[in-house]
Each structure stands twice: as C-alpha cells, then as structure tokens.
file upload21.cif (mmCIF, C-alpha atoms)
data_structure
loop_
_atom_site.label_atom_id
_atom_site.label_comp_id
_atom_site.auth_asym_id
_atom_site.auth_seq_id
_atom_site.Cartn_x
_atom_site.Cartn_y
_atom_site.Cartn_z
CA MET A 540 -264.04 -76.77 207.38
CA MET A 541 -261.70 -75.45 210.06
CA ARG A 542 -258.73 -76.01 207.76
CA PHE A 543 -260.48 -74.03 205.02
CA LEU A 544 -261.21 -71.17 207.41
CA SER A 545 -257.61 -71.20 208.60
CA ILE A 546 -256.35 -70.85 205.04
CA ILE A 547 -258.73 -67.95 204.40
CA PHE A 548 -257.55 -66.28 207.60
CA VAL A 549 -253.88 -66.69 206.69
CA LEU A 550 -254.45 -65.31 203.20
CA ALA A 551 -256.40 -62.35 204.53
CA PHE A 552 -253.76 -61.65 207.16
CA THR A 553 -250.95 -61.93 204.61
CA GLN A 554 -252.63 -59.48 202.25
CA HIS A 555 -253.24 -57.07 205.09
CA ALA A 556 -249.69 -57.42 206.38
CA PHE A 557 -248.26 -56.38 203.03
CA ALA A 558 -250.63 -53.45 202.52
CA ALA A 559 -248.81 -50.11 202.48
CA THR A 560 -249.47 -46.41 202.10
CA LEU A 561 -247.48 -44.21 199.73
CA VAL A 562 -247.73 -40.41 199.77
CA VAL A 563 -246.69 -38.58 196.60
CA LEU A 564 -245.48 -35.12 197.60
CA GLY A 565 -245.11 -33.18 194.38
CA ASP A 566 -246.02 -30.19 192.26
CA SER A 567 -248.01 -29.73 189.05
CA LEU A 568 -246.19 -32.63 187.38
CA SER A 569 -247.97 -34.96 189.79
CA ALA A 570 -251.02 -32.92 190.78
CA GLY A 571 -252.90 -33.45 187.52
CA TYR A 572 -252.34 -30.00 186.04
CA GLN A 573 -255.35 -28.88 183.95
CA MET A 574 -257.03 -32.28 184.19
CA GLN A 575 -259.34 -34.20 186.50
CA ALA A 576 -257.55 -35.43 189.63
CA GLU A 577 -258.42 -39.03 188.84
CA GLN A 578 -256.53 -38.72 185.53
CA SER A 579 -253.21 -37.90 187.19
CA TRP A 580 -250.53 -40.60 187.26
CA PRO A 581 -250.54 -40.95 191.09
CA SER A 582 -254.26 -41.76 190.91
CA LEU A 583 -253.45 -44.59 188.47
CA LEU A 584 -250.39 -45.83 190.35
CA ASP A 585 -252.13 -48.19 192.77
CA THR A 586 -253.59 -50.19 189.87
CA GLU A 587 -250.15 -50.46 188.25
CA LEU A 588 -248.57 -51.59 191.53
CA GLU A 589 -251.27 -54.26 191.90
CA LYS A 590 -249.94 -55.84 188.72
CA TYR A 591 -246.73 -56.52 190.63
CA GLY A 592 -248.61 -57.99 193.57
CA HIS A 593 -248.39 -54.94 195.84
CA ASP A 594 -251.39 -53.61 197.75
CA VAL A 595 -250.54 -49.92 198.04
CA THR A 596 -252.84 -47.04 198.90
CA VAL A 597 -251.50 -44.03 197.02
CA ILE A 598 -252.27 -40.59 198.43
CA ASN A 599 -251.58 -37.75 196.02
CA ALA A 600 -250.53 -34.79 198.16
CA SER A 601 -249.19 -32.80 195.19
CA ILE A 602 -250.07 -29.14 194.66
CA SER A 603 -249.38 -27.17 191.49
CA GLY A 604 -246.78 -24.47 192.01
CA ASP A 605 -245.27 -25.99 195.14
CA THR A 606 -241.57 -25.57 195.83
CA THR A 607 -239.40 -27.66 198.12
CA GLY A 608 -240.08 -25.04 200.80
CA ASN A 609 -243.84 -25.47 200.41
CA GLY A 610 -243.49 -29.23 200.58
CA MET A 611 -241.35 -29.02 203.71
CA ALA A 612 -244.00 -26.84 205.38
CA ARG A 613 -246.83 -29.24 204.49
CA LEU A 614 -245.02 -32.46 205.27
CA PRO A 615 -245.47 -32.69 209.08
CA ARG A 616 -249.24 -32.58 208.79
CA LEU A 617 -249.25 -35.17 206.00
CA LEU A 618 -247.11 -37.53 208.06
CA GLU A 619 -249.37 -37.10 211.07
CA GLN A 620 -252.56 -37.51 209.05
CA HIS A 621 -251.66 -40.48 206.85
CA HIS A 622 -248.87 -42.34 208.72
CA PRO A 623 -247.38 -43.43 205.38
CA ASP A 624 -244.96 -46.28 204.86
CA PHE A 625 -243.36 -44.49 201.91
CA VAL A 626 -243.11 -40.88 200.76
CA LEU A 627 -242.10 -40.02 197.21
CA ILE A 628 -240.71 -36.49 196.90
CA GLU A 629 -241.25 -35.00 193.44
CA LEU A 630 -240.31 -31.39 194.11
CA GLY A 631 -237.79 -28.84 192.95
CA ALA A 632 -238.90 -27.95 189.43
CA ASN A 633 -240.49 -24.71 190.60
CA ASP A 634 -237.42 -23.90 192.69
CA GLY A 635 -235.32 -24.28 189.58
CA LEU A 636 -237.65 -22.24 187.37
CA ARG A 637 -237.39 -19.43 189.93
CA GLY A 638 -233.62 -19.72 190.12
CA PHE A 639 -233.48 -20.66 193.80
CA PRO A 640 -229.95 -21.40 195.09
CA PRO A 641 -229.04 -25.09 194.96
CA THR A 642 -228.06 -24.92 198.65
CA THR A 643 -231.62 -23.90 199.57
CA ILE A 644 -233.05 -26.82 197.59
CA ARG A 645 -230.54 -29.20 199.14
CA ASN A 646 -231.39 -28.07 202.68
CA ASN A 647 -235.14 -28.34 202.11
CA LEU A 648 -234.91 -31.80 200.60
CA GLY A 649 -232.59 -32.95 203.37
CA GLU A 650 -234.97 -31.70 206.04
CA MET A 651 -237.92 -33.46 204.40
CA ILE A 652 -236.02 -36.73 204.26
CA THR A 653 -235.12 -36.38 207.93
CA GLN A 654 -238.76 -35.78 208.85
CA ILE A 655 -239.90 -38.78 206.81
CA GLU A 656 -237.39 -41.10 208.42
CA GLN A 657 -238.14 -39.82 211.91
CA ALA A 658 -241.81 -40.62 211.27
CA GLY A 659 -240.86 -44.21 210.51
CA ALA A 660 -241.48 -43.93 206.77
CA TYR A 661 -239.18 -44.68 203.84
CA PRO A 662 -238.25 -41.74 201.56
CA LEU A 663 -238.00 -41.96 197.80
CA LEU A 664 -236.55 -39.02 195.86
CA MET A 665 -237.17 -38.22 192.22
CA GLN A 666 -234.40 -36.68 190.16
CA ILE A 667 -235.45 -33.30 188.76
CA PHE A 668 -233.82 -31.38 185.93
CA VAL A 669 -234.27 -27.78 184.79
CA PRO A 670 -234.32 -26.64 181.15
CA PRO A 671 -230.86 -26.00 179.63
CA ASN A 672 -231.69 -22.36 178.95
CA TYR A 673 -230.99 -21.67 182.63
CA GLY A 674 -227.31 -22.12 181.88
CA LYS A 675 -225.13 -25.21 182.08
CA ARG A 676 -223.54 -24.22 185.39
CA TYR A 677 -226.85 -23.82 187.21
CA SER A 678 -228.42 -26.85 185.50
CA ASP A 679 -225.49 -29.06 186.50
CA GLN A 680 -225.47 -27.77 190.10
CA PHE A 681 -229.22 -28.27 190.33
CA ALA A 682 -229.13 -31.86 189.08
CA LYS A 683 -226.18 -32.70 191.33
CA VAL A 684 -228.20 -31.73 194.43
CA TYR A 685 -230.40 -34.80 193.97
CA GLN A 686 -227.54 -37.12 193.15
CA ASP A 687 -225.55 -35.99 196.19
CA ILE A 688 -228.50 -36.34 198.58
CA SER A 689 -229.26 -39.82 197.29
CA SER A 690 -225.64 -40.88 197.73
CA GLN A 691 -225.01 -39.19 201.08
CA LEU A 692 -228.29 -40.21 202.74
CA ASP A 693 -228.47 -43.60 201.03
CA ILE A 694 -231.97 -43.23 199.64
CA PRO A 695 -233.31 -44.28 196.21
CA LEU A 696 -233.12 -41.74 193.40
CA LEU A 697 -235.89 -42.39 190.89
CA PRO A 698 -235.55 -41.13 187.30
CA PHE A 699 -237.33 -37.99 186.13
CA PHE A 700 -240.25 -39.27 184.05
CA LEU A 701 -240.61 -35.98 182.17
CA GLU A 702 -237.31 -36.39 180.32
CA HIS A 703 -238.70 -39.53 178.67
CA ILE A 704 -241.78 -37.83 177.23
CA ILE A 705 -240.96 -34.13 176.85
CA LEU A 706 -239.99 -34.61 173.18
CA LYS A 707 -243.25 -36.44 172.42
CA GLN A 708 -245.26 -33.44 171.27
CA GLU A 709 -248.51 -35.41 171.27
CA TRP A 710 -248.09 -36.03 175.02
CA MET A 711 -247.12 -32.50 176.07
CA MET A 712 -249.31 -29.47 176.67
CA ASP A 713 -248.75 -26.29 174.69
CA ASP A 714 -246.57 -24.85 177.47
CA GLY A 715 -243.99 -27.55 176.79
CA LEU A 716 -243.70 -28.28 180.52
CA HIS A 717 -246.69 -30.40 181.53
CA PRO A 718 -247.78 -33.82 180.27
CA LYS A 719 -251.29 -34.21 178.89
CA PRO A 720 -253.86 -36.65 180.30
CA ASP A 721 -252.90 -39.05 177.49
CA ALA A 722 -249.42 -39.38 178.99
CA GLN A 723 -250.55 -40.18 182.53
CA PRO A 724 -251.09 -43.96 182.10
CA TRP A 725 -247.59 -44.33 180.66
CA ILE A 726 -246.13 -42.31 183.57
CA ALA A 727 -247.98 -44.46 186.09
CA GLU A 728 -246.66 -47.64 184.46
CA PHE A 729 -243.12 -46.22 184.31
CA MET A 730 -243.18 -45.11 187.93
CA ALA A 731 -244.58 -48.42 189.15
CA LYS A 732 -241.61 -50.23 187.60
CA GLU A 733 -239.22 -47.84 189.35
CA ILE A 734 -240.96 -47.96 192.73
CA VAL A 735 -241.57 -51.72 193.02
CA PRO A 736 -237.94 -52.65 193.84
CA HIS A 737 -238.10 -50.39 196.91
CA LEU A 738 -241.39 -51.64 198.38
#

call {"tool": "encode", "arguments": {"input": "upload21.cif", "output": "structure tokens"}}
result
Amino acid sequence: MMRFLSIIFVLAFTQHAFAATLVVLGDSLSAGYQMQAEQSWPSLLDTELEKYGHDVTVINASISGDTTGNGMARLPRLLEQHHPDFVLIELGANDGLRGFPPTTIRNNLGEMITQIEQAGAYPLLMQIFVPPNYGKRYSDQFAKVYQDISSQLDIPLLPFFLEHIILKQEWMMDDGLHPKPDAQPWIAEFMAKEIVPHL
C-alpha cells in the first residue's frame, strides 16, 4: 500500500514539476478577432500541447490593434500577475501597417525580451511580415528586424502562421488579413509543433 502511494506521489509531483505557464502577447491575429475568445488559437493551444505530453497553462494576453509599443507598456503587469515560464511575442503587424520605423519596432521588441528574461521567463518571438504593397525596401527591413533580434539575442524565431493560410480563401475573412474561426484549430496545431521543441 505504501509503495502504491509512493508511486502516486511521484507521478503527481512529476506532473506538477513539468507544468508551465505560457503568455501569448499578441494582436488581433491571436486575440480572436470577430469571434468568441474560446475559438482563438491560443485558447486551443493547451490541448494541442497536451498531445506532446506538456502540461501548459496558456494565457492569451492579446489585444486587437496592439502595436509593439502597446505590448511593451502592458508587459510588466502581465509578468507580475502571471509569473509565466514562457512569453510568446506575436506583435508588429500593426506597426508595419502604420509604417512605423523598423528601428522603433526593433527597440520595442528588444526591450520586451529584456523584461521577459529579467523576470525569469523564456521569450519566444514570432516572425512577422507586412504585405508587399508597402514596398520591397520597407518589407525587407521589417522582416530583417525579427531575424536580427533572434540571432543577436539568441532566442527562438517561430514562423509566421499567417503566411501558410493567407492564400486559403476559405480560411480568411473578407478583409484578407484575419483568419476565420475555421482556421484556428489548424493554427493551434501548427504553433504547438513549433513551440514544443522550446519547452
């Protein structure tokens, strides 16, 4: 009987020891734009991560319309409130759509990563691209911001899920920018595969 209880205790402790908290800090692409919050891919992510044997509480701290500056302003409170083990930054699309200078985006992302690391959490950065109609020079400079930060600060750069589904008309809203609810399960599955190696 004691042996059985010991095994149960060890299993319970092991599961608890590997439990983690992940905060998704994003914009409308992660906030569940024009859909119920529980339909958004971050709300489905914990179930997908469970399939890989990871017990992760996912907190969706994404707000539609947020820029990197907005995210930087909100981050300290989120770190203090949730004490996350991981923070996934999915920000910059709105900066790009407004034509913000790449240096501003770079500085904001760098500051967020510094704050995350100082809080004892592990940062994950998602690559963001802007539409080609903003000009090749700006588009290239914008994309390079993420690649440079990942290389210089030695943090994972996760692929931009939108580029894999933006041409699937049945998965995109009429604005051509936001995925429909139907696309969210696929995004959650895709992101789980990308996140698992870093947990």

call {"tool": "resolve_selection", "arguments": {"input": "upload21.cif", "expression": "the PyMOL selection byres ((chain A and resi 655-672) around 6)", "output": "short mmCIF file (atom, residue, chain, number, x, y, z; two decimals) with C-alpha atoms, in the frame of the given file"}}
result
data_model
loop_
_atom_site.label_atom_id
_atom_site.label_comp_id
_atom_site.auth_asym_id
_atom_site.auth_seq_id
_atom_site.Cartn_x
_atom_site.Cartn_y
_atom_site.Cartn_z
CA ASP A 624 -244.96 -46.28 204.86
CA PHE A 625 -243.36 -44.49 201.91
CA VAL A 626 -243.11 -40.88 200.76
CA LEU A 627 -242.10 -40.02 197.21
CA ILE A 628 -240.71 -36.49 196.90
CA GLU A 629 -241.25 -35.00 193.44
CA ILE A 652 -236.02 -36.73 204.26
CA THR A 653 -235.12 -36.38 207.93
CA GLN A 654 -238.76 -35.78 208.85
CA TYR A 673 -230.99 -21.67 182.63
CA GLY A 674 -227.31 -22.12 181.88
CA SER A 678 -228.42 -26.85 185.50
CA ALA A 682 -229.13 -31.86 189.08
CA TYR A 685 -230.40 -34.80 193.97
CA PRO A 695 -233.31 -44.28 196.21
CA LEU A 696 -233.12 -41.74 193.40
CA LEU A 697 -235.89 -42.39 190.89
CA PRO A 698 -235.55 -41.13 187.30
CA PHE A 699 -237.33 -37.99 186.13
#

call {"tool": "closest_atom_pairs", "arguments": {"input": "upload21.cif", "of": "region 558-673 of chain A", "to": "region 706-721 of chain A", "cutoff": "7 Å", "atoms": "all atoms listed in the file", "output": "tab-separated table"}}
result
residue	atom	partner	partner_atom	distance
A:Leu568	CA	A:His717	CA	6.3
A:Met574	CA	A:Pro720	CA	6.7
A:Gln578	CA	A:Pro720	CA	6.2

call {"tool": "resolve_selection", "arguments": {"input": "upload21.cif", "expression": "the PyMOL selection byres ((chain A and resi 608-616) around 12)", "output": "number ranges by chain"}}
result
A: 562-566, 600-607, 617-623, 626-634, 639, 643-658

call {"tool": "atom_distance", "arguments": {"input": "upload21.cif", "atom1": "CA of Ile694 (chain A)", "atom2": "CA of Ala576 (chain A)"}}
result
28.6 Å

call {"tool": "residues_around", "arguments": {"input": "upload21.cif", "residues": "Met730 (chain A)", "least_positions_apart": "2", "cutoff": "9 Å", "atoms": "all atoms listed in the file", "output": "PDB file with C-alpha atoms, in the coordinates of the input"}}
result
ATOM      1  CA  TRP A 580    -250.530 -40.600 187.260  1.00  0.00           C
ATOM      2  CA  LEU A 584    -250.390 -45.830 190.350  1.00  0.00           C
ATOM      3  CA  GLU A 587    -250.150 -50.460 188.250  1.00  0.00           C
ATOM      4  CA  LEU A 697    -235.890 -42.390 190.890  1.00  0.00           C
ATOM      5  CA  PRO A 698    -235.550 -41.130 187.300  1.00  0.00           C
ATOM      6  CA  PHE A 700    -240.250 -39.270 184.050  1.00  0.00           C
ATOM      7  CA  TRP A 725    -247.590 -44.330 180.660  1.00  0.00           C
ATOM      8  CA  ILE A 726    -246.130 -42.310 183.570  1.00  0.00           C
ATOM      9  CA  ALA A 727    -247.980 -44.460 186.090  1.00  0.00           C
ATOM     10  CA  GLU A 728    -246.660 -47.640 184.460  1.00  0.00           C
ATOM     11  CA  LYS A 732    -241.610 -50.230 187.600  1.00  0.00           C
ATOM     12  CA  GLU A 733    -239.220 -47.840 189.350  1.00  0.00           C
ATOM     13  CA  ILE A 734    -240.960 -47.960 192.730  1.00  0.00           C
ATOM     14  CA  VAL A 735    -241.570 -51.720 193.020  1.00  0.00           C
TER      15      VAL A 735
END

call {"tool": "build_atoms", "arguments": {"input": "upload21.cif", "residues": "region 695-707 of chain A", "atoms": "N, CA, C and O atoms", "output": "short mmCIF file (atom, residue, chain, number, x, y, z; two decimals), in the coordinates of the input"}}
result
data_model
loop_
_atom_site.label_atom_id
_atom_site.label_comp_id
_atom_site.auth_asym_id
_atom_site.auth_seq_id
_atom_site.Cartn_x
_atom_site.Cartn_y
_atom_site.Cartn_z
N PRO A 695 -233.15 -44.06 197.66
CA PRO A 695 -233.31 -44.28 196.21
C PRO A 695 -233.54 -42.97 195.46
O PRO A 695 -234.26 -42.09 195.92
N LEU A 696 -232.91 -42.87 194.30
CA LEU A 696 -233.12 -41.74 193.40
C LEU A 696 -233.82 -42.27 192.16
O LEU A 696 -233.23 -43.00 191.35
N LEU A 697 -235.09 -41.92 192.01
CA LEU A 697 -235.89 -42.39 190.89
C LEU A 697 -235.72 -41.45 189.70
O LEU A 697 -235.55 -40.24 189.87
N PRO A 698 -235.76 -41.97 188.48
CA PRO A 698 -235.55 -41.13 187.30
C PRO A 698 -236.69 -40.15 187.08
O PRO A 698 -237.82 -40.38 187.49
N PHE A 699 -236.38 -39.06 186.43
CA PHE A 699 -237.33 -37.99 186.13
C PHE A 699 -238.16 -38.41 184.93
O PHE A 699 -237.67 -38.44 183.79
N PHE A 700 -239.42 -38.74 185.14
CA PHE A 700 -240.25 -39.27 184.05
C PHE A 700 -240.41 -38.29 182.90
O PHE A 700 -240.57 -38.68 181.75
N LEU A 701 -240.33 -36.99 183.20
CA LEU A 701 -240.61 -35.98 182.17
C LEU A 701 -239.58 -36.04 181.04
O LEU A 701 -239.93 -35.79 179.88
N GLU A 702 -238.33 -36.39 181.36
CA GLU A 702 -237.31 -36.39 180.32
C GLU A 702 -237.56 -37.48 179.28
O GLU A 702 -237.01 -37.43 178.18
N HIS A 703 -238.40 -38.46 179.61
CA HIS A 703 -238.70 -39.53 178.67
C HIS A 703 -239.85 -39.18 177.72
O HIS A 703 -240.05 -39.87 176.71
N ILE A 704 -240.61 -38.14 178.06
CA ILE A 704 -241.78 -37.83 177.23
C ILE A 704 -241.82 -36.40 176.72
O ILE A 704 -242.66 -36.06 175.90
N ILE A 705 -240.88 -35.56 177.17
CA ILE A 705 -240.96 -34.13 176.85
C ILE A 705 -240.82 -33.87 175.35
O ILE A 705 -241.31 -32.86 174.82
N LEU A 706 -240.15 -34.78 174.63
CA LEU A 706 -239.99 -34.61 173.18
C LEU A 706 -241.14 -35.22 172.39
O LEU A 706 -241.19 -35.10 171.16
N LYS A 707 -242.07 -35.89 173.08
CA LYS A 707 -243.25 -36.44 172.42
C LYS A 707 -244.33 -35.35 172.42
O LYS A 707 -245.08 -35.20 173.38
#
